[in-house]
Number of protein chains: 2
Amino acid sequence: MRFGLTFFPVIGPDEKSPSTYYDECLELSRLADAAGYEHVQVVEHYFSSYGGYSPDPVTLLTAIAAATKNIRVTTGAVVPAFTHPIKLAGKLAMLDNLSHGRLDVGFGRAFLPEEFAAFGVPMSESRSRFAQGVELCRRLWTEDDVVSEYEWAAFGPVTMLPRPYQSPHPPIFVASTTSAQSCAAAGRAGYHLQVVPTVTSRESLQDMLAIYRKARIEAGHQEPPRIQIKYTCYLGEDRARVLEQARRWEHNYIEKMTGAVASWGQTRSADYPGYEQLVAKVAKYDFGKSLADNKVFAGTPDEVGEQVATVAEWFGDDVTLSLQLNPGALPLPDARTAVRLFAEQVAPRFTGIATAAV
Amino acid sequence: MRFGLTFFPVIGPDEKSPSTYYDECLELSRLADAAGYEHVQVVEHYFSSYGGYSPDPVTLLTAIAAATKNIRVTTGAVVPAFTHPIKLAGKLAMLDNLSHGRLDVGFGRAFLPEEFAAFGVPMSESRSRFAQGVELCRRLWTEDDVVSEYEWAAFGPVTMLPRPYQSPHPPIFVASTTSAQSCAAAGRAGYHLQVVPTVTSRESLQDMLAIYRKARIEAGHQEPPRIQIKYTCYLGEDRARVLEQARRWEHNYIEKMTGAVASWGQTRSADYPGYEQLVAKVAKYDFGKSLADNKVFAGTPDEVGEQVATVAEWFGDDVTLSLQLNPGALPLPDARTAVRLFAEQVAPRFTGIATAAV
């Protein structure tokens with residue numbers, strides 16, 4: 001089992017300036033790099049304190065790559081529907097070169113109606129733009145004289161510069177939240193997988209992973225799949241303090257998510273079946289149940305170790321956990337402590353190799 | 001007079017890998033930062049060895065900002081026509097925060113038909129998209145509930161995160177090559193100016209600057225204008241070696257420019273009057289004349305000092321020279337030497353403050 005860091009800024013300007021938040025991300029990335037974490041992952045969102053400090057993951061990841069030596073830098077995810085493929089492929093290739101081949105690219109469909117509206121993209125095109133955008137990036141990275149006949153991004157023949165550092169291109173991950181169909185497609189294509197366990201039941205996620213693994217093997221992909229699962233984790237030696245913070249910042253997260261998903265209130269999309277119920281679902285959030293269901297990690301190193309062990313049992317010990325240890329407004333010293341404690345006291349239970357002390 | 005560094009990669013994969021080129025940019029930026037240069041500027045171009053290693057200036061500038069302490073990071077220029085305003089304003093604001101307010105934003109219209117074709121943007125819209133793109137970035141950086149009714153980028157109301165670090169927003173430069181009309185508009189708006197002396201006569205450029213300065217004053221802008229002029233500069237103590245390199249790499253530049261402007265061969269655009277003659281103009285290039293006309297700097301520190309003195313006389317000693325000291329395939333040690341010699345032996349003739357030794 002391997003472990004990475006995720007940056008999903010649950011924060012707005014009333015709580016912390018963006019420059020302070022980014023400075024904290026850079027410091028925590030340096031700690032994680034020194035402690036042997038596998039990756040740092042950065043999300044793409046807009047406008048609200050639900051992720052909005054991160055409208056361009058490549059920019060923050062480039063600064064992180066410059067501040068670190070070995071850790072992989074991972075988009076989690078970039079949204080092809082919102083950026084022209086030539087621009088997206090180009091800047092990802094620049095980052096792959098600047099980081100000397102440390103880039104993993106997670107691509108996602110996005111799901112917030114407000115974001116689609118802002119970019120003037122119909123939600124009914126989200127699946128096609130996603131699939132076509134991934135395909136066009138892959139082709140721009142590897143082929144000469146690429147021609148695209150997709151109406152939203154018709155071009156060519158063009159030959160892109162720069163090509164990526166990694167050959168033939170950076171590893172491709174597909175972000176999927178609830179769709180078995182997307183998981184099967186990702187498996188067939190030989191892509192790696194990014195999933196979020198909070199929005200689906202344990203059983204559904206197990207089914208999704210089984211479908212993904214099976215499709216991957218049936219399509220003849222030999223290379224082991226890389227599966228990244230995102231968890232928010234509150235970790236410290238003072239149990240009462242940690243649980244109080246976990247409750248507080250998880251409710252903060254839910255409050256901000258409520259604002260962000262509000263645009264689903266009047267929206268119906270055949271491409272996002274049931275998403276209009278997100279608002280109601282979020283309103284029913286119960287921290288105690290979430291913790292009991294292993295949807296969020298919180299506690300002492302022993303307790304979090306038990307939670308991670310359960311995850312390994314449910315989803316396989318070959319998965320990689322992508323940990324949000326700094327949900328924005330949490331004080332930096334607590335996030336620092338969590339990065340250190342996880343590396344020193346939790347990770348060694350699950351990895352053959354002891355991680356270096358921070 | 002002040003001095004900066006420009007990165008315009010005149011290079012393709014047959015000559016140097018992109019990662020090597022970027023590593024060299026980072027090293028030269030560190031040297032320039034330590035030596036007191038004012039800025040590092042990065043261009044936006046696609047597809048060919050005429051600038052194509054730099055499809056996203058923000059990405060390279062973010063790595064440069066992370067590698068330096070004081071030097072300003074400058075887009076020279078980004079093209080609003082090719083990137084959605086929400087994306088462009090967002091990543092520029094991230095870089096401004098990551099660099100703690102060291103960002104200057106140069107915006108340009110672009111001029112290569114091949115690039116417009118690839119992005120599916122009519123050249124007849126280049127002026128309107130430019131003006132509207134700059135306006136939308138400025139409004140997204142400073143206003144809540146921004147609404148755009150421009151067809152190519154209709155959105156809103158949206159409130160962008162993150163806001164820039166600098167208040168109210170990073171300094172805005174407008175890149176103009178030959179258009180007195182653009183210079184007048186930039187002056188009226190109170191924007192700063194980026195110009196290229198190679199594509200216009202000395203007299204025309206003097207006229208453009210006079211029009212710009214006058215428009216700026218008449219519109220009541222009190223703050224002194226910042227005018228960046230780009231020059232390629234070959235500088236060393238071994239005169240014969242430097243002149244041989246200058247001749248060689250300038251011809252290399254012209255050869256690559258010829259490829260890039262080839263798409264003008266059959267193109268006519270009322271918005272780019274006379275540009276279809278670019279191919280013929282470029283074919284008539286004469287290095288000796290270019291050097292005599294002060295279109296390129298080359299020689300020993302004394303000789304380059306004389307050339308810079310002439311520029312100060314022609315265009316004013318308040319301008320900033322943005323120096324391309326590493327045109328891609330030039331060996332790194334020569335570029336390093338040029339960065340050092342300029343700071344130690346040329347710049348002190350024109351600045352009250354001695355620059356720190358590299």
# chains A, B, ... in the order shown; residues from 1 in each chain; ligands from 1
call {"tool": "select_by_dssp", "arguments": {"residues": "region 46-100 of chain A", "states": "strand (DSSP E or B)", "output": "list in words"}}
result
Tyr50, Arg72, Val73, Thr74, Thr75, Gly76, Ala77 and Val78 of chain A
call {"tool": "write_last_selection", "arguments": {"atoms": "N, CA and C atoms", "output": "mmCIF file, in the first residue's frame"}}
result
data_model
loop_
_atom_site.group_PDB
_atom_site.id
_atom_site.type_symbol
_atom_site.label_atom_id
_atom_site.label_comp_id
_atom_site.auth_asym_id
_atom_site.auth_seq_id
_atom_site.Cartn_x
_atom_site.Cartn_y
_atom_site.Cartn_z
ATOM 1 N N TYR A 50 -15.342 25.784 -1.943
ATOM 2 C CA TYR A 50 -15.275 24.340 -2.205
ATOM 3 C C TYR A 50 -14.301 24.121 -3.365
ATOM 4 N N ARG A 72 5.876 12.293 -6.642
ATOM 5 C CA ARG A 72 5.194 12.485 -7.919
ATOM 6 C C ARG A 72 4.146 13.588 -7.793
ATOM 7 N N VAL A 73 3.940 14.311 -8.883
ATOM 8 C CA VAL A 73 2.933 15.378 -8.889
ATOM 9 C C VAL A 73 1.780 14.923 -9.777
ATOM 10 N N THR A 74 0.576 15.019 -9.214
ATOM 11 C CA THR A 74 -0.578 14.345 -9.801
ATOM 12 C C THR A 74 -1.752 15.302 -9.909
ATOM 13 N N THR A 75 -2.344 15.380 -11.096
ATOM 14 C CA THR A 75 -3.577 16.156 -11.201
ATOM 15 C C THR A 75 -4.726 15.262 -10.748
ATOM 16 N N GLY A 76 -5.586 15.809 -9.942
ATOM 17 C CA GLY A 76 -6.645 14.973 -9.378
ATOM 18 C C GLY A 76 -7.957 15.690 -9.233
ATOM 19 N N ALA A 77 -8.567 16.025 -10.352
ATOM 20 C CA ALA A 77 -8.179 15.776 -11.724
ATOM 21 C C ALA A 77 -8.189 17.103 -12.502
ATOM 22 N N VAL A 78 -7.586 17.099 -13.695
ATOM 23 C CA VAL A 78 -7.858 18.203 -14.624
ATOM 24 C C VAL A 78 -9.083 17.852 -15.464
#
call {"tool": "closest_atom_pairs", "arguments": {"of": "chain A", "to": "chain B", "cutoff": "7 Å", "atoms": "only C-alpha atoms", "output": "JSON lines"}}
result
{"residue": "A:Pro18", "atom": "CA", "partner": "B:Pro162", "partner_atom": "CA", "distance": 6.2}
{"residue": "A:Ser19", "atom": "CA", "partner": "B:Asn97", "partner_atom": "CA", "distance": 4.7}
{"residue": "A:Tyr22", "atom": "CA", "partner": "B:Leu98", "partner_atom": "CA", "distance": 6.6}
{"residue": "A:Tyr46", "atom": "CA", "partner": "B:Leu161", "partner_atom": "CA", "distance": 6.6}
{"residue": "A:Phe47", "atom": "CA", "partner": "B:Met160", "partner_atom": "CA", "distance": 4.8}
{"residue": "A:Ser48", "atom": "CA", "partner": "B:Leu161", "partner_atom": "CA", "distance": 6.9}
{"residue": "A:Gly52", "atom": "CA", "partner": "B:Leu161", "partner_atom": "CA", "distance": 5.5}
{"residue": "A:Tyr53", "atom": "CA", "partner": "B:Pro162", "partner_atom": "CA", "distance": 5.1}
{"residue": "A:Pro55", "atom": "CA", "partner": "B:Gly90", "partner_atom": "CA", "distance": 5.8}
{"residue": "A:Asp56", "atom": "CA", "partner": "B:Lys91", "partner_atom": "CA", "distance": 5.6}
{"residue": "A:Thr59", "atom": "CA", "partner": "B:Thr59", "partner_atom": "CA", "distance": 5.9}
{"residue": "A:Thr62", "atom": "CA", "partner": "B:Ala63", "partner_atom": "CA", "distance": 6.0}
{"residue": "A:Ala63", "atom": "CA", "partner": "B:Ala63", "partner_atom": "CA", "distance": 5.7}
{"residue": "A:Ala66", "atom": "CA", "partner": "B:Ala63", "partner_atom": "CA", "distance": 5.9}
{"residue": "A:Lys87", "atom": "CA", "partner": "B:Pro55", "partner_atom": "CA", "distance": 6.9}
{"residue": "A:Gly90", "atom": "CA", "partner": "B:Pro55", "partner_atom": "CA", "distance": 5.8}
{"residue": "A:Lys91", "atom": "CA", "partner": "B:Asp56", "partner_atom": "CA", "distance": 5.6}
{"residue": "A:Asn97", "atom": "CA", "partner": "B:Ser19", "partner_atom": "CA", "distance": 4.7}
{"residue": "A:Leu98", "atom": "CA", "partner": "B:Ser19", "partner_atom": "CA", "distance": 5.9}
{"residue": "A:His100", "atom": "CA", "partner": "B:Ser19", "partner_atom": "CA", "distance": 6.9}
{"residue": "A:Ala117", "atom": "CA", "partner": "B:Phe155", "partner_atom": "CA", "distance": 7.0}
{"residue": "A:Ala118", "atom": "CA", "partner": "B:Phe155", "partner_atom": "CA", "distance": 4.8}
{"residue": "A:Phe119", "atom": "CA", "partner": "B:Phe155", "partner_atom": "CA", "distance": 6.8}
{"residue": "A:Gly120", "atom": "CA", "partner": "B:Ala154", "partner_atom": "CA", "distance": 6.9}
{"residue": "A:Ala154", "atom": "CA", "partner": "B:Gly120", "partner_atom": "CA", "distance": 6.9}
{"residue": "A:Phe155", "atom": "CA", "partner": "B:Ala118", "partner_atom": "CA", "distance": 4.8}
{"residue": "A:Gly156", "atom": "CA", "partner": "B:Ala118", "partner_atom": "CA", "distance": 6.2}
{"residue": "A:Val158", "atom": "CA", "partner": "B:Phe47", "partner_atom": "CA", "distance": 6.8}
{"residue": "A:Thr159", "atom": "CA", "partner": "B:Phe47", "partner_atom": "CA", "distance": 5.7}
{"residue": "A:Met160", "atom": "CA", "partner": "B:Phe47", "partner_atom": "CA", "distance": 4.8}
{"residue": "A:Leu161", "atom": "CA", "partner": "B:Phe47", "partner_atom": "CA", "distance": 5.2}
{"residue": "A:Pro162", "atom": "CA", "partner": "B:Tyr53", "partner_atom": "CA", "distance": 5.1}
call {"tool": "residues_around", "arguments": {"residues": "Gln266 (chain B)", "least_positions_apart": "2", "cutoff": "12 Å", "atoms": "only C-alpha atoms", "output": "list in words"}}
result
Pro113, Glu114, Val261, Ala262, Ser263, Trp264, Arg268, Ser269, Tyr275, Glu276, Gln277, Leu278 and Val279 of chain B
call {"tool": "closest_residue", "arguments": {"among": "B:Cys25, B:Ala185, B:Ala298, B:Ala32", "to": "Arg340 (chain B)", "atoms": "only C-alpha atoms"}}
result
B:Ala32
call {"tool": "residues_around", "arguments": {"residues": "Trp249 (chain B)", "least_positions_apart": "5", "cutoff": "9 Å", "atoms": "only C-alpha atoms", "output": "ChimeraX atom specification"}}
result
/B:10,244,254,327-330
call {"tool": "residues_around", "arguments": {"residues": "Phe297 (chain B)", "least_positions_apart": "2", "cutoff": "10 Å", "atoms": "only C-alpha atoms", "output": "ChimeraX atom specification"}}
result
/B:231-235,243,246,290-295,299-300,303-308,323-325
call {"tool": "select_by_dssp", "arguments": {"residues": "region 124-335 of chain B", "states": "alpha helix (DSSP H)", "output": "PyMOL selection string"}}
result
chain B and resi 126-142+180-189+202-218+239-261+278-283+287-292+301-315+332-335
call {"tool": "residues_around", "arguments": {"residues": "His251 (chain A)", "least_positions_apart": "6", "cutoff": "9 Å", "atoms": "only C-alpha atoms", "output": "NGL selection string"}}
result
:A and (285-287)
